Structure formats: C-alpha cells, structure tokens
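Structure file start24.cif; described as mmCIF, C-alpha atoms.
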```cif
data_entry
loop_
_atom_site.label_atom_id
_atom_site.label_comp_id
_atom_site.auth_asym_id
_atom_site.auth_seq_id
_atom_site.Cartn_x
_atom_site.Cartn_y
_atom_site.Cartn_z
CA MET A 1 -11.76 -175.00 -44.21
CA PRO A 2 -9.92 -171.85 -43.19
CA SER A 3 -11.62 -169.76 -40.56
CA THR A 4 -14.10 -167.13 -41.73
CA ILE A 5 -13.09 -164.95 -38.80
CA ARG A 6 -10.13 -162.61 -38.52
CA VAL A 7 -9.61 -160.83 -35.23
CA ARG A 8 -7.07 -158.31 -34.10
CA ALA A 9 -7.26 -157.52 -30.40
CA SER A 10 -4.74 -155.49 -28.45
CA ALA A 11 -4.85 -155.19 -24.68
CA GLY A 12 -4.12 -151.75 -23.29
CA ALA A 13 -3.77 -150.62 -19.69
CA GLU A 14 -7.52 -150.33 -19.15
CA GLN A 15 -9.23 -151.40 -22.32
CA THR A 16 -8.81 -153.97 -25.02
CA ASP A 17 -9.39 -152.79 -28.58
CA VAL A 18 -10.95 -155.38 -30.84
CA GLN A 19 -11.35 -155.34 -34.60
CA SER A 20 -12.90 -158.25 -36.44
CA LEU A 21 -13.59 -159.11 -40.04
CA ILE A 22 -15.87 -162.02 -40.92
CA GLN A 23 -16.19 -163.48 -44.39
CA HIS A 24 -19.89 -163.71 -45.18
CA PRO A 25 -22.06 -162.77 -48.19
CA MET A 26 -24.66 -160.93 -46.04
CA ASP A 27 -27.26 -161.33 -48.81
CA SER A 28 -30.23 -159.14 -48.01
CA GLY A 29 -32.81 -161.08 -50.00
CA TYR A 30 -33.60 -158.01 -52.14
CA VAL A 31 -30.84 -158.36 -54.73
CA LYS A 32 -31.33 -160.25 -58.02
CA ASP A 33 -28.63 -162.33 -59.70
CA ALA A 34 -27.60 -162.17 -63.38
CA LYS A 35 -30.63 -164.28 -64.38
CA GLY A 36 -33.00 -161.90 -62.62
CA GLU A 37 -33.75 -164.31 -59.80
CA LEU A 38 -33.73 -163.12 -56.21
CA ILE A 39 -30.72 -164.23 -54.20
CA PRO A 40 -32.21 -165.61 -50.98
CA ALA A 41 -31.47 -163.80 -47.75
CA HIS A 42 -28.34 -165.12 -46.09
CA TYR A 43 -26.90 -163.01 -43.32
CA ILE A 44 -25.28 -163.30 -39.91
CA GLU A 45 -27.74 -162.80 -37.07
CA THR A 46 -25.59 -163.05 -33.99
CA VAL A 47 -21.92 -162.54 -33.16
CA THR A 48 -20.64 -163.01 -29.62
CA PHE A 49 -17.26 -162.17 -28.12
CA GLU A 50 -16.24 -164.08 -25.01
CA HIS A 51 -13.38 -163.22 -22.71
CA GLY A 52 -12.62 -165.19 -19.53
CA GLY A 53 -15.81 -167.25 -19.87
CA LYS A 54 -17.99 -164.14 -20.07
CA VAL A 55 -19.72 -162.65 -23.07
CA VAL A 56 -18.41 -159.08 -23.18
CA PHE A 57 -20.11 -157.97 -26.38
CA THR A 58 -22.93 -159.26 -28.59
CA ALA A 59 -23.90 -158.04 -32.05
CA PHE A 60 -27.35 -158.75 -33.50
CA TRP A 61 -27.40 -158.06 -37.22
CA GLY A 62 -30.06 -157.74 -39.87
CA PRO A 63 -29.54 -157.95 -43.64
CA ALA A 64 -28.50 -154.27 -43.77
CA VAL A 65 -25.02 -155.01 -42.47
CA SER A 66 -22.43 -154.89 -45.28
CA LYS A 67 -20.85 -157.91 -46.93
CA ASP A 68 -17.82 -159.32 -45.07
CA PRO A 69 -18.82 -157.43 -41.94
CA TYR A 70 -16.30 -155.35 -40.05
CA LEU A 71 -16.70 -154.62 -36.38
CA LYS A 72 -14.74 -152.54 -33.92
CA PHE A 73 -15.37 -152.21 -30.20
CA LYS A 74 -13.62 -152.21 -26.82
CA PHE A 75 -13.95 -154.12 -23.61
CA SER A 76 -12.53 -153.60 -20.15
CA GLY A 77 -9.87 -155.81 -18.68
CA GLY A 78 -8.06 -158.33 -20.78
CA LYS A 79 -4.36 -159.02 -20.64
CA LYS A 80 -1.88 -159.88 -23.33
CA GLY A 81 -2.10 -163.60 -24.08
CA ASP A 82 -5.73 -163.95 -22.91
CA ASP A 83 -8.12 -165.88 -25.12
CA LEU A 84 -10.89 -164.08 -26.99
CA LYS A 85 -13.51 -166.36 -28.50
CA VAL A 86 -15.65 -165.15 -31.40
CA THR A 87 -18.73 -167.05 -32.54
CA TRP A 88 -21.20 -166.21 -35.30
CA THR A 89 -24.48 -167.79 -36.35
CA ASP A 90 -26.43 -166.91 -39.49
CA ASN A 91 -30.09 -167.12 -40.52
CA LEU A 92 -29.53 -170.50 -42.19
CA GLY A 93 -28.16 -171.97 -38.99
CA LYS A 94 -24.53 -172.02 -40.12
CA THR A 95 -22.00 -171.12 -37.49
CA ASP A 96 -18.27 -170.68 -37.02
CA SER A 97 -16.05 -169.68 -34.15
CA SER A 98 -12.43 -168.94 -33.48
CA VAL A 99 -10.22 -168.30 -30.49
CA SER A 100 -7.43 -165.77 -30.73
CA LYS A 101 -4.91 -164.38 -28.26
CA LEU A 102 -4.94 -160.77 -27.16
CA GLY A 103 -1.84 -158.99 -28.40
CA MET B 104 -14.72 -174.96 -32.01
CA ALA B 105 -15.03 -175.83 -35.68
CA ALA B 106 -17.99 -174.91 -37.84
CA CYS B 107 -20.89 -177.21 -37.21
CA ASP B 108 -24.30 -177.78 -38.63
CA SER B 109 -26.89 -176.58 -36.20
CA LYS B 110 -30.13 -176.93 -38.13
CA LYS B 111 -31.52 -179.33 -35.56
CA PHE B 112 -31.02 -176.93 -32.69
CA ASP B 113 -32.28 -173.56 -31.72
CA ARG B 114 -29.50 -171.18 -32.80
CA ARG B 115 -29.25 -169.48 -29.48
CA PHE B 116 -28.84 -172.77 -27.76
CA VAL B 117 -26.04 -173.78 -30.10
CA LEU B 118 -24.22 -170.56 -29.28
CA GLN B 119 -24.47 -171.13 -25.59
CA ALA B 120 -23.75 -174.80 -25.58
CA ALA B 121 -21.20 -174.52 -28.39
CA GLY B 122 -21.99 -177.95 -29.69
CA LEU B 123 -22.23 -179.89 -26.42
CA GLY B 124 -25.20 -182.25 -26.30
CA SER B 125 -28.84 -181.44 -25.80
CA VAL B 126 -28.47 -183.30 -22.50
CA LEU B 127 -26.56 -180.30 -21.23
CA ALA B 128 -29.29 -177.85 -22.20
CA ALA B 129 -30.27 -177.04 -18.66
CA ALA B 130 -26.73 -176.50 -17.46
CA SER B 131 -25.64 -174.38 -20.39
CA PHE B 132 -28.80 -172.35 -20.10
CA ALA B 133 -28.16 -171.45 -16.48
CA TYR B 134 -24.51 -170.53 -16.82
CA PRO B 135 -24.39 -167.71 -19.39
CA ILE B 136 -27.35 -165.97 -17.80
CA ARG B 137 -25.49 -165.75 -14.55
CA ALA B 138 -22.38 -164.60 -16.38
CA SER B 139 -24.04 -161.78 -18.30
CA ALA B 140 -27.76 -161.78 -18.86
CA ASN B 141 -27.73 -158.76 -21.14
CA THR B 142 -25.24 -159.92 -23.74
CA ASP B 143 -26.90 -163.31 -23.84
CA ALA B 144 -30.32 -162.04 -24.94
CA ALA B 145 -32.18 -163.74 -27.78
CA TYR B 146 -32.02 -162.55 -31.39
CA PRO B 147 -34.79 -159.92 -31.68
CA ALA B 148 -36.26 -161.31 -34.92
CA ASP B 149 -39.51 -159.35 -34.60
CA ALA B 150 -37.77 -156.00 -34.28
CA PHE B 151 -35.66 -156.70 -37.38
CA LYS B 152 -38.88 -157.28 -39.38
CA GLN B 153 -40.41 -153.88 -38.58
CA LYS B 154 -40.46 -151.47 -41.52
CA GLY B 155 -40.35 -148.16 -39.68
CA GLU B 156 -37.70 -147.00 -37.22
CA ALA B 157 -40.21 -146.02 -34.52
CA GLU B 158 -41.90 -149.43 -34.64
CA ALA B 159 -38.54 -151.21 -34.43
CA VAL B 160 -37.46 -149.17 -31.40
CA LYS B 161 -40.81 -149.82 -29.72
CA LYS B 162 -40.52 -153.54 -30.40
CA LEU B 163 -36.97 -153.63 -29.01
CA PHE B 164 -37.28 -151.47 -25.94
CA GLY B 165 -41.01 -150.90 -25.40
CA GLN B 166 -40.60 -147.12 -25.34
CA ALA B 167 -39.56 -144.22 -27.56
CA ALA B 168 -36.15 -142.52 -27.53
CA VAL B 169 -35.40 -138.91 -26.57
CA ALA B 170 -32.88 -136.99 -28.71
CA SER B 171 -29.67 -136.37 -26.76
CA ASP B 172 -26.35 -134.68 -27.60
CA LYS B 173 -24.63 -137.28 -25.42
CA VAL B 174 -25.08 -139.83 -28.18
CA LYS B 175 -22.28 -139.48 -30.71
CA LEU B 176 -23.20 -140.79 -34.13
CA ASP B 177 -20.45 -140.67 -36.70
CA ALA B 178 -21.61 -141.17 -40.28
CA PRO B 179 -20.45 -139.70 -43.60
CA GLU B 180 -22.51 -136.82 -45.02
CA ILE B 181 -22.23 -138.28 -48.48
CA ALA B 182 -21.80 -141.99 -49.11
CA GLU B 183 -20.77 -142.71 -52.67
CA ASN B 184 -21.32 -146.41 -52.23
CA GLY B 185 -24.45 -147.32 -50.29
CA ALA B 186 -23.25 -150.90 -49.93
CA VAL B 187 -20.53 -149.97 -47.46
CA VAL B 188 -21.26 -146.99 -45.23
CA PRO B 189 -19.07 -146.74 -42.13
CA ILE B 190 -21.13 -145.90 -39.04
CA SER B 191 -19.83 -145.54 -35.52
CA VAL B 192 -21.66 -144.78 -32.31
CA SER B 193 -20.32 -143.94 -28.87
CA THR B 194 -21.61 -142.18 -25.79
CA ASP B 195 -20.55 -140.79 -22.39
CA LEU B 196 -23.77 -141.97 -20.80
CA PRO B 197 -23.29 -144.38 -17.87
CA ASP B 198 -24.78 -147.88 -17.57
CA VAL B 199 -25.20 -148.46 -21.29
CA THR B 200 -26.71 -151.84 -22.06
CA SER B 201 -27.56 -151.56 -25.77
CA ILE B 202 -26.91 -149.51 -28.87
CA ALA B 203 -29.26 -149.88 -31.84
CA ILE B 204 -28.57 -148.47 -35.30
CA LEU B 205 -31.48 -147.83 -37.66
CA VAL B 206 -31.58 -146.81 -41.29
CA ALA B 207 -34.97 -145.17 -41.84
CA GLU B 208 -35.32 -145.67 -45.60
CA ASN B 209 -34.20 -149.30 -45.72
CA PRO B 210 -36.88 -151.98 -46.27
CA SER B 211 -36.51 -152.85 -42.58
CA ALA B 212 -35.23 -149.97 -40.47
CA LEU B 213 -33.28 -151.85 -37.79
CA ALA B 214 -29.78 -152.60 -39.07
CA ALA B 215 -27.90 -153.68 -35.98
CA LEU B 216 -28.30 -154.04 -32.24
CA TYR B 217 -25.26 -154.24 -29.98
CA LYS B 218 -25.37 -155.50 -26.39
CA PHE B 219 -22.77 -154.47 -23.84
CA ALA B 220 -21.78 -156.43 -20.76
CA PRO B 221 -21.37 -154.37 -17.57
CA GLY B 222 -18.00 -152.63 -17.83
CA THR B 223 -17.77 -152.82 -21.62
CA PRO B 224 -17.30 -149.25 -22.93
CA PRO B 225 -20.26 -148.15 -25.11
CA SER B 226 -18.57 -147.68 -28.45
CA VAL B 227 -18.98 -149.57 -31.70
CA ALA B 228 -18.06 -149.16 -35.36
CA SER B 229 -19.31 -151.19 -38.30
CA ARG B 230 -20.44 -150.84 -41.92
CA LEU B 231 -24.01 -150.78 -43.18
CA LYS B 232 -25.91 -150.97 -46.46
CA MET B 233 -28.27 -148.14 -47.38
CA ALA B 234 -30.85 -148.24 -50.14
CA LYS B 235 -30.95 -144.48 -50.70
CA THR B 236 -30.46 -141.12 -49.00
CA THR B 237 -31.76 -141.61 -45.50
CA PRO B 238 -31.66 -140.54 -41.89
CA VAL B 239 -29.54 -142.84 -39.74
CA ILE B 240 -30.60 -143.12 -36.12
CA ALA B 241 -28.54 -144.32 -33.19
CA VAL B 242 -30.47 -145.32 -30.09
CA VAL B 243 -28.63 -145.84 -26.80
CA GLU B 244 -30.23 -147.67 -23.89
CA ALA B 245 -28.66 -146.42 -20.66
CA GLY B 246 -30.02 -147.09 -17.18
CA GLY B 247 -33.32 -148.23 -18.67
CA LYS B 248 -33.86 -144.98 -20.62
CA LEU B 249 -33.48 -144.37 -24.35
CA TYR B 250 -31.42 -141.62 -25.98
CA SER B 251 -30.99 -141.03 -29.69
CA ALA B 252 -29.04 -139.12 -32.31
CA THR B 253 -29.96 -138.75 -35.99
CA LYS B 254 -27.86 -137.90 -39.01
CA GLU B 255 -28.79 -137.68 -42.68
CA VAL B 256 -26.59 -139.66 -45.06
CA LYS B 257 -26.76 -138.80 -48.76
CA VAL B 258 -26.36 -141.97 -50.79
CA THR B 259 -25.14 -141.60 -54.39
CA VAL B 260 -25.41 -145.26 -55.43
CA GLY B 261 -27.82 -147.40 -53.43
CA GLY B 262 -26.50 -150.48 -51.68
CA CYS B 263 -29.54 -152.69 -52.06
CA GLY B 264 -29.83 -152.57 -55.84
CA GLY B 265 -29.47 -155.29 -58.44
#
```

File written out as structure tokens:
Amino acid sequence: MPSTIRVRASAGAEQTDVQSLIQHPMDSGYVKDAKGELIPAHYIETVTFEHGGKVVFTAFWGPAVSKDPYLKFKFSGGKKGDDLKVTWTDNLGKTDSSVSKLG
Amino acid sequence: MAACDSKKFDRRFVLQAAGLGSVLAAASFAYPIRASANTDAAYPADAFKQKGEAEAVKKLFGQAAVASDKVKLDAPEIAENGAVVPISVSTDLPDVTSIAILVAENPSALAALYKFAPGTPPSVASRLKMAKTTPVIAVVEAGGKLYSATKEVKVTVGGCGG
C-alpha cells in the first residue's frame, strides 16, 4: 500500500519548514451518505513529527479538520539529509508512519 | 514503520512504542517523556467532546484565556466552502507550549490542539471544516498563561452538511 503521508521539509539556517499532506477521509460522523445513513466518524486523532529521536511537534485533531488534512509548521535545528518521522493514529486505531529526508 | 493494526493496544502506547512489544511498555513509556513531555501528552478526548468553546478551553487548560494582540490568527473573512477553511496561527509570545483552535458554532468547538516542543517556533497552518458562519478562536498557552484571538468567518456553504 502506498504511504498515506506526503511530507516536504526544507532545512534553513535556523528553522526547518515542514508541510505535510495526509490522505484520510476525516469523516465527522454528522454527514449522511446517498442512502441517508450516517457515515460513522473516522478521523485522525494524533499526528507526531519526530526529528533526532525527539518529538518536535504534535497535532491533536477532532472531526472538524478537513479531509486529506494539510499541515504546515516549523521546527528549530534540522540539517539537510536528517530524518523526519511522521506518524498518525485515527479514532479507529489505524495508524501509518513514514520517514523522509530533510531537503 | 509500515501501517499496523493497533486495536489491541492503547493508541498512545502504539505511537510511542511504534509496534515494539508490550514487554517494552515500561521502557518506551519512560523515554519519550524524558525527551519531550509536552509533545507526548495524551489525546484530550474529553476536551474534543465539549460543545462550547469556553468549556473546551477549561477542560484543556483548567483556566480561561485573555484576549491578546500578540496572538496572530489568520482566517478568511468569507469562506465560500466551509469544508476547507485555511486557518493559521502564530505568536511572538515566548515559551509557547500549545496552540488550540476552536470553531464556536461547530457541534464540538475544539477543532485542533497543537503541542510544541521547547525550541519549536509557535506557528501552525491547517484547514478546518465549519458548519456555518462562526467565530474562530485561537488560544495560545505560553508560560502557563492563556492568550486568545478571535475572528469571525462568514461561511457561504457549510462544511458539515449532507
């Protein structure tokens, strides 16, 4: 299965800029399908970003975050070629993670 | 690490242990806390269930926020599509540990909570769903105190419909 996570991270002199896009339905549990039945809630609860064995940034999400969530943030340090590990877990216990290199 | 089924485990544990065995629970528990206690906090399920924004903030931080012009909340004045509203928050305040974003008129106000490790600059951008025209509130936790900024977003087509 291809990864659900796409990350673009570029290391600058002081800060590393990170943009990530995760494929996920982010169903809120309030929307009905074509048959008029509620689509059960299915959304990412936690996303963590690890650099050098340390969690630099954590996102806790509720069902109000948009489908295929986009996220942009920065962290200090980080050099070109360093690993950045992204892990998400959703409310149904599914999880995925990926490791990408800082550019 | 590939995707793995984690139904048998507490989700937080799976994140920390990243699929090692339950035998390693103690070890994996101790390590991330030392590395960065703040960013390793548990998912605040209770706060996400609160209907109102004040209740959610209270549940998260145990206190109320004070409006501050040091919190920069960037949101569109008019959102044509409530399903995808870009929201970004940043601040000059020092020692920021968390940023929470709340959408007052949504069924549950708390939309997202971001945790920053020491040294991580307090700035985040993401996209949120909004049911209808609503105030959006950004709450910044800095040095144990809470600061907030509010902006009204007019929603033309709600993002929670169906």

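When all atoms listed in the file are used to measure the gap to B:Val169, the shortest distance among B:Val243, B:Val260, B:Leu196, B:Leu205 belongs to B:Val243.
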
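Each of B:Ala167, B:Ala203, B:Ile240, B:Val256 was checked against A:Phe60 using only C-alpha atoms; the smallest atom-to-atom distance is that of B:Ala203.
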
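With all atoms listed in the file as the atoms that count, the residue of B:Ala220, B:Val258, B:Ala144, B:Leu163 with the shortest distance to B:Ile181 is B:Val258.
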
Written as a PyMOL selection string, what is the full residue list that the PyMOL selection byres ((chain A) within 7 of (chain B)) yields on the file shown?
chain A and resi 30-32+46+54-62+64-66+69-76+93-98

Those same residues - C-alpha atoms - I'd like them written as a compact mmCIF listing (two decimals), keeping the file's coordinate frame.
```
# COMPACT_ATOMS: atom_id res chain seq x y z
CA TYR A 30 -33.60 -158.01 -52.14
CA VAL A 31 -30.84 -158.36 -54.73
CA LYS A 32 -31.33 -160.25 -58.02
CA THR A 46 -25.59 -163.05 -33.99
CA LYS A 54 -17.99 -164.14 -20.07
CA VAL A 55 -19.72 -162.65 -23.07
CA VAL A 56 -18.41 -159.08 -23.18
CA PHE A 57 -20.11 -157.97 -26.38
CA THR A 58 -22.93 -159.26 -28.59
CA ALA A 59 -23.90 -158.04 -32.05
CA PHE A 60 -27.35 -158.75 -33.50
CA TRP A 61 -27.40 -158.06 -37.22
CA GLY A 62 -30.06 -157.74 -39.87
CA ALA A 64 -28.50 -154.27 -43.77
CA VAL A 65 -25.02 -155.01 -42.47
CA SER A 66 -22.43 -154.89 -45.28
CA PRO A 69 -18.82 -157.43 -41.94
CA TYR A 70 -16.30 -155.35 -40.05
CA LEU A 71 -16.70 -154.62 -36.38
CA LYS A 72 -14.74 -152.54 -33.92
CA PHE A 73 -15.37 -152.21 -30.20
CA LYS A 74 -13.62 -152.21 -26.82
CA PHE A 75 -13.95 -154.12 -23.61
CA SER A 76 -12.53 -153.60 -20.15
CA GLY A 93 -28.16 -171.97 -38.99
CA LYS A 94 -24.53 -172.02 -40.12
CA THR A 95 -22.00 -171.12 -37.49
CA ASP A 96 -18.27 -170.68 -37.02
CA SER A 97 -16.05 -169.68 -34.15
CA SER A 98 -12.43 -168.94 -33.48
```

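Considering only C-alpha atoms, the residue among A:Pro63, A:Pro2, A:Gly52, A:Gly78 positioned nearest to A:Pro25 is A:Pro63.
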
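The interatomic distance for the pair atom CA of B:Pro197 and atom CA of B:Asp177 works out to 19.4 Å.
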
The PyMOL selection byres ((chain A and resi 84) around 8) - which residues does that actually catch in the file I just gave you? List them as a PyMOL selection string.
chain A and resi 49-52+82-83+85-86+99-102

Please dump the current selection as a tab-separated table (two decimals), in the frame of the given file; keep C-alpha atoms.
```
chain	number	residue	atom	x	y	z
A	49	PHE	CA	-17.26	-162.17	-28.12
A	50	GLU	CA	-16.24	-164.08	-25.01
A	51	HIS	CA	-13.38	-163.22	-22.71
A	52	GLY	CA	-12.62	-165.19	-19.53
A	82	ASP	CA	-5.73	-163.95	-22.91
A	83	ASP	CA	-8.12	-165.88	-25.12
A	85	LYS	CA	-13.51	-166.36	-28.50
A	86	VAL	CA	-15.65	-165.15	-31.40
A	99	VAL	CA	-10.22	-168.30	-30.49
A	100	SER	CA	-7.43	-165.77	-30.73
A	101	LYS	CA	-4.91	-164.38	-28.26
A	102	LEU	CA	-4.94	-160.77	-27.16
```

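Separating atom CA of B:Val160 from atom CA of B:Lys173 is a distance of 18.5 Å.
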
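Relative to atom CA of B:Val239, atom CA of B:Ala207 is found at 6.3 Å.
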
Axis-aligned box for stretch 170-182 of chain B, 3 Å per side, centre and edges in Å as lines of an AutoDock Vina configuration file:
```
center_x = -26.7
center_y = -138.3
center_z = -37.3
size_x = 18.4
size_y = 13.3
size_z = 29.7
```

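Among the candidates A:Ser28, A:Thr4, A:Asn91, A:Gln23, the residue lying nearest to A:Glu45 is A:Asn91 (atoms considered: all atoms listed in the file).
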
Could stretch 158-169 of chain B be completed with all heavy atoms and returned as a PDB file, keeping the file's coordinate frame?
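Ended up saving to rebuild-v3.pdb:
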```pdb
ATOM      1  N   GLU B 158     -41.341-148.122 -34.989  1.00  0.00           N
ATOM      2  CA  GLU B 158     -41.900-149.430 -34.640  1.00  0.00           C
ATOM      3  C   GLU B 158     -40.799-150.368 -34.149  1.00  0.00           C
ATOM      4  O   GLU B 158     -40.993-151.115 -33.189  1.00  0.00           O
ATOM      5  CB  GLU B 158     -42.584-150.071 -35.851  1.00  0.00           C
ATOM      6  CG  GLU B 158     -43.867-149.393 -36.290  1.00  0.00           C
ATOM      7  CD  GLU B 158     -43.623-148.314 -37.339  1.00  0.00           C
ATOM      8  OE1 GLU B 158     -42.537-147.686 -37.300  1.00  0.00           O
ATOM      9  OE2 GLU B 158     -44.500-148.088 -38.182  1.00  0.00           O
ATOM     10  N   ALA B 159     -39.639-150.320 -34.819  1.00  0.00           N
ATOM     11  CA  ALA B 159     -38.540-151.210 -34.430  1.00  0.00           C
ATOM     12  C   ALA B 159     -38.039-150.874 -33.027  1.00  0.00           C
ATOM     13  O   ALA B 159     -37.792-151.778 -32.222  1.00  0.00           O
ATOM     14  CB  ALA B 159     -37.400-151.095 -35.444  1.00  0.00           C
ATOM     15  N   VAL B 160     -37.924-149.580 -32.730  1.00  0.00           N
ATOM     16  CA  VAL B 160     -37.460-149.170 -31.400  1.00  0.00           C
ATOM     17  C   VAL B 160     -38.464-149.601 -30.334  1.00  0.00           C
ATOM     18  O   VAL B 160     -38.112-150.125 -29.279  1.00  0.00           O
ATOM     19  CB  VAL B 160     -37.236-147.632 -31.346  1.00  0.00           C
ATOM     20  CG1 VAL B 160     -37.007-147.162 -29.916  1.00  0.00           C
ATOM     21  CG2 VAL B 160     -36.057-147.249 -32.228  1.00  0.00           C
ATOM     22  N   LYS B 161     -39.752-149.416 -30.636  1.00  0.00           N
ATOM     23  CA  LYS B 161     -40.810-149.820 -29.720  1.00  0.00           C
ATOM     24  C   LYS B 161     -40.748-151.324 -29.452  1.00  0.00           C
ATOM     25  O   LYS B 161     -40.852-151.781 -28.312  1.00  0.00           O
ATOM     26  CB  LYS B 161     -42.162-149.446 -30.354  1.00  0.00           C
ATOM     27  CG  LYS B 161     -43.334-149.481 -29.410  1.00  0.00           C
ATOM     28  CD  LYS B 161     -43.764-148.076 -29.023  1.00  0.00           C
ATOM     29  CE  LYS B 161     -44.620-148.068 -27.785  1.00  0.00           C
ATOM     30  NZ  LYS B 161     -45.988-148.545 -28.038  1.00  0.00           N
ATOM     31  N   LYS B 162     -40.581-152.085 -30.518  1.00  0.00           N
ATOM     32  CA  LYS B 162     -40.520-153.540 -30.400  1.00  0.00           C
ATOM     33  C   LYS B 162     -39.319-153.966 -29.552  1.00  0.00           C
ATOM     34  O   LYS B 162     -39.402-154.884 -28.751  1.00  0.00           O
ATOM     35  CB  LYS B 162     -40.382-154.095 -31.817  1.00  0.00           C
ATOM     36  CG  LYS B 162     -40.891-155.472 -32.107  1.00  0.00           C
ATOM     37  CD  LYS B 162     -42.300-155.691 -31.809  1.00  0.00           C
ATOM     38  CE  LYS B 162     -42.965-156.810 -32.540  1.00  0.00           C
ATOM     39  NZ  LYS B 162     -44.406-156.804 -32.321  1.00  0.00           N
ATOM     40  N   LEU B 163     -38.193-153.270 -29.728  1.00  0.00           N
ATOM     41  CA  LEU B 163     -36.970-153.630 -29.010  1.00  0.00           C
ATOM     42  C   LEU B 163     -37.036-153.265 -27.542  1.00  0.00           C
ATOM     43  O   LEU B 163     -36.674-154.047 -26.671  1.00  0.00           O
ATOM     44  CB  LEU B 163     -35.769-152.887 -29.614  1.00  0.00           C
ATOM     45  CG  LEU B 163     -35.041-153.483 -30.803  1.00  0.00           C
ATOM     46  CD1 LEU B 163     -33.879-152.591 -31.151  1.00  0.00           C
ATOM     47  CD2 LEU B 163     -34.559-154.889 -30.503  1.00  0.00           C
ATOM     48  N   PHE B 164     -37.441-152.016 -27.291  1.00  0.00           N
ATOM     49  CA  PHE B 164     -37.280-151.470 -25.940  1.00  0.00           C
ATOM     50  C   PHE B 164     -38.604-151.165 -25.245  1.00  0.00           C
ATOM     51  O   PHE B 164     -38.614-150.831 -24.073  1.00  0.00           O
ATOM     52  CB  PHE B 164     -36.447-150.182 -25.989  1.00  0.00           C
ATOM     53  CG  PHE B 164     -35.086-150.363 -26.618  1.00  0.00           C
ATOM     54  CD1 PHE B 164     -34.809-149.834 -27.863  1.00  0.00           C
ATOM     55  CD2 PHE B 164     -34.092-151.059 -25.952  1.00  0.00           C
ATOM     56  CE1 PHE B 164     -33.554-149.981 -28.443  1.00  0.00           C
ATOM     57  CE2 PHE B 164     -32.833-151.213 -26.519  1.00  0.00           C
ATOM     58  CZ  PHE B 164     -32.565-150.681 -27.762  1.00  0.00           C
ATOM     59  N   GLY B 165     -39.709-151.178 -25.990  1.00  0.00           N
ATOM     60  CA  GLY B 165     -41.010-150.900 -25.400  1.00  0.00           C
ATOM     61  C   GLY B 165     -41.243-149.441 -25.066  1.00  0.00           C
ATOM     62  O   GLY B 165     -42.168-149.101 -24.330  1.00  0.00           O
ATOM     63  N   GLN B 166     -40.400-148.561 -25.569  1.00  0.00           N
ATOM     64  CA  GLN B 166     -40.600-147.120 -25.340  1.00  0.00           C
ATOM     65  C   GLN B 166     -39.936-146.348 -26.486  1.00  0.00           C
ATOM     66  O   GLN B 166     -39.265-146.926 -27.326  1.00  0.00           O
ATOM     67  CB  GLN B 166     -39.993-146.696 -24.002  1.00  0.00           C
ATOM     68  CG  GLN B 166     -38.523-147.080 -23.857  1.00  0.00           C
ATOM     69  CD  GLN B 166     -37.928-146.654 -22.519  1.00  0.00           C
ATOM     70  OE1 GLN B 166     -38.276-145.612 -21.998  1.00  0.00           O
ATOM     71  NE2 GLN B 166     -37.038-147.459 -21.985  1.00  0.00           N
ATOM     72  N   ALA B 167     -40.154-145.038 -26.503  1.00  0.00           N
ATOM     73  CA  ALA B 167     -39.560-144.220 -27.560  1.00  0.00           C
ATOM     74  C   ALA B 167     -38.310-143.533 -27.019  1.00  0.00           C
ATOM     75  O   ALA B 167     -38.146-143.364 -25.812  1.00  0.00           O
ATOM     76  CB  ALA B 167     -40.563-143.184 -28.043  1.00  0.00           C
ATOM     77  N   ALA B 168     -37.413-143.134 -27.940  1.00  0.00           N
ATOM     78  CA  ALA B 168     -36.150-142.520 -27.530  1.00  0.00           C
ATOM     79  C   ALA B 168     -36.273-141.001 -27.509  1.00  0.00           C
ATOM     80  O   ALA B 168     -37.070-140.412 -28.234  1.00  0.00           O
ATOM     81  CB  ALA B 168     -35.046-142.947 -28.475  1.00  0.00           C
ATOM     82  N   VAL B 169     -35.464-140.359 -26.655  1.00  0.00           N
ATOM     83  CA  VAL B 169     -35.400-138.910 -26.570  1.00  0.00           C
ATOM     84  C   VAL B 169     -34.070-138.473 -27.194  1.00  0.00           C
ATOM     85  O   VAL B 169     -33.025-139.045 -26.886  1.00  0.00           O
ATOM     86  CB  VAL B 169     -35.428-138.461 -25.095  1.00  0.00           C
ATOM     87  CG1 VAL B 169     -35.430-136.940 -24.999  1.00  0.00           C
ATOM     88  CG2 VAL B 169     -36.625-139.065 -24.391  1.00  0.00           C
TER      89      VAL B 169
END
```
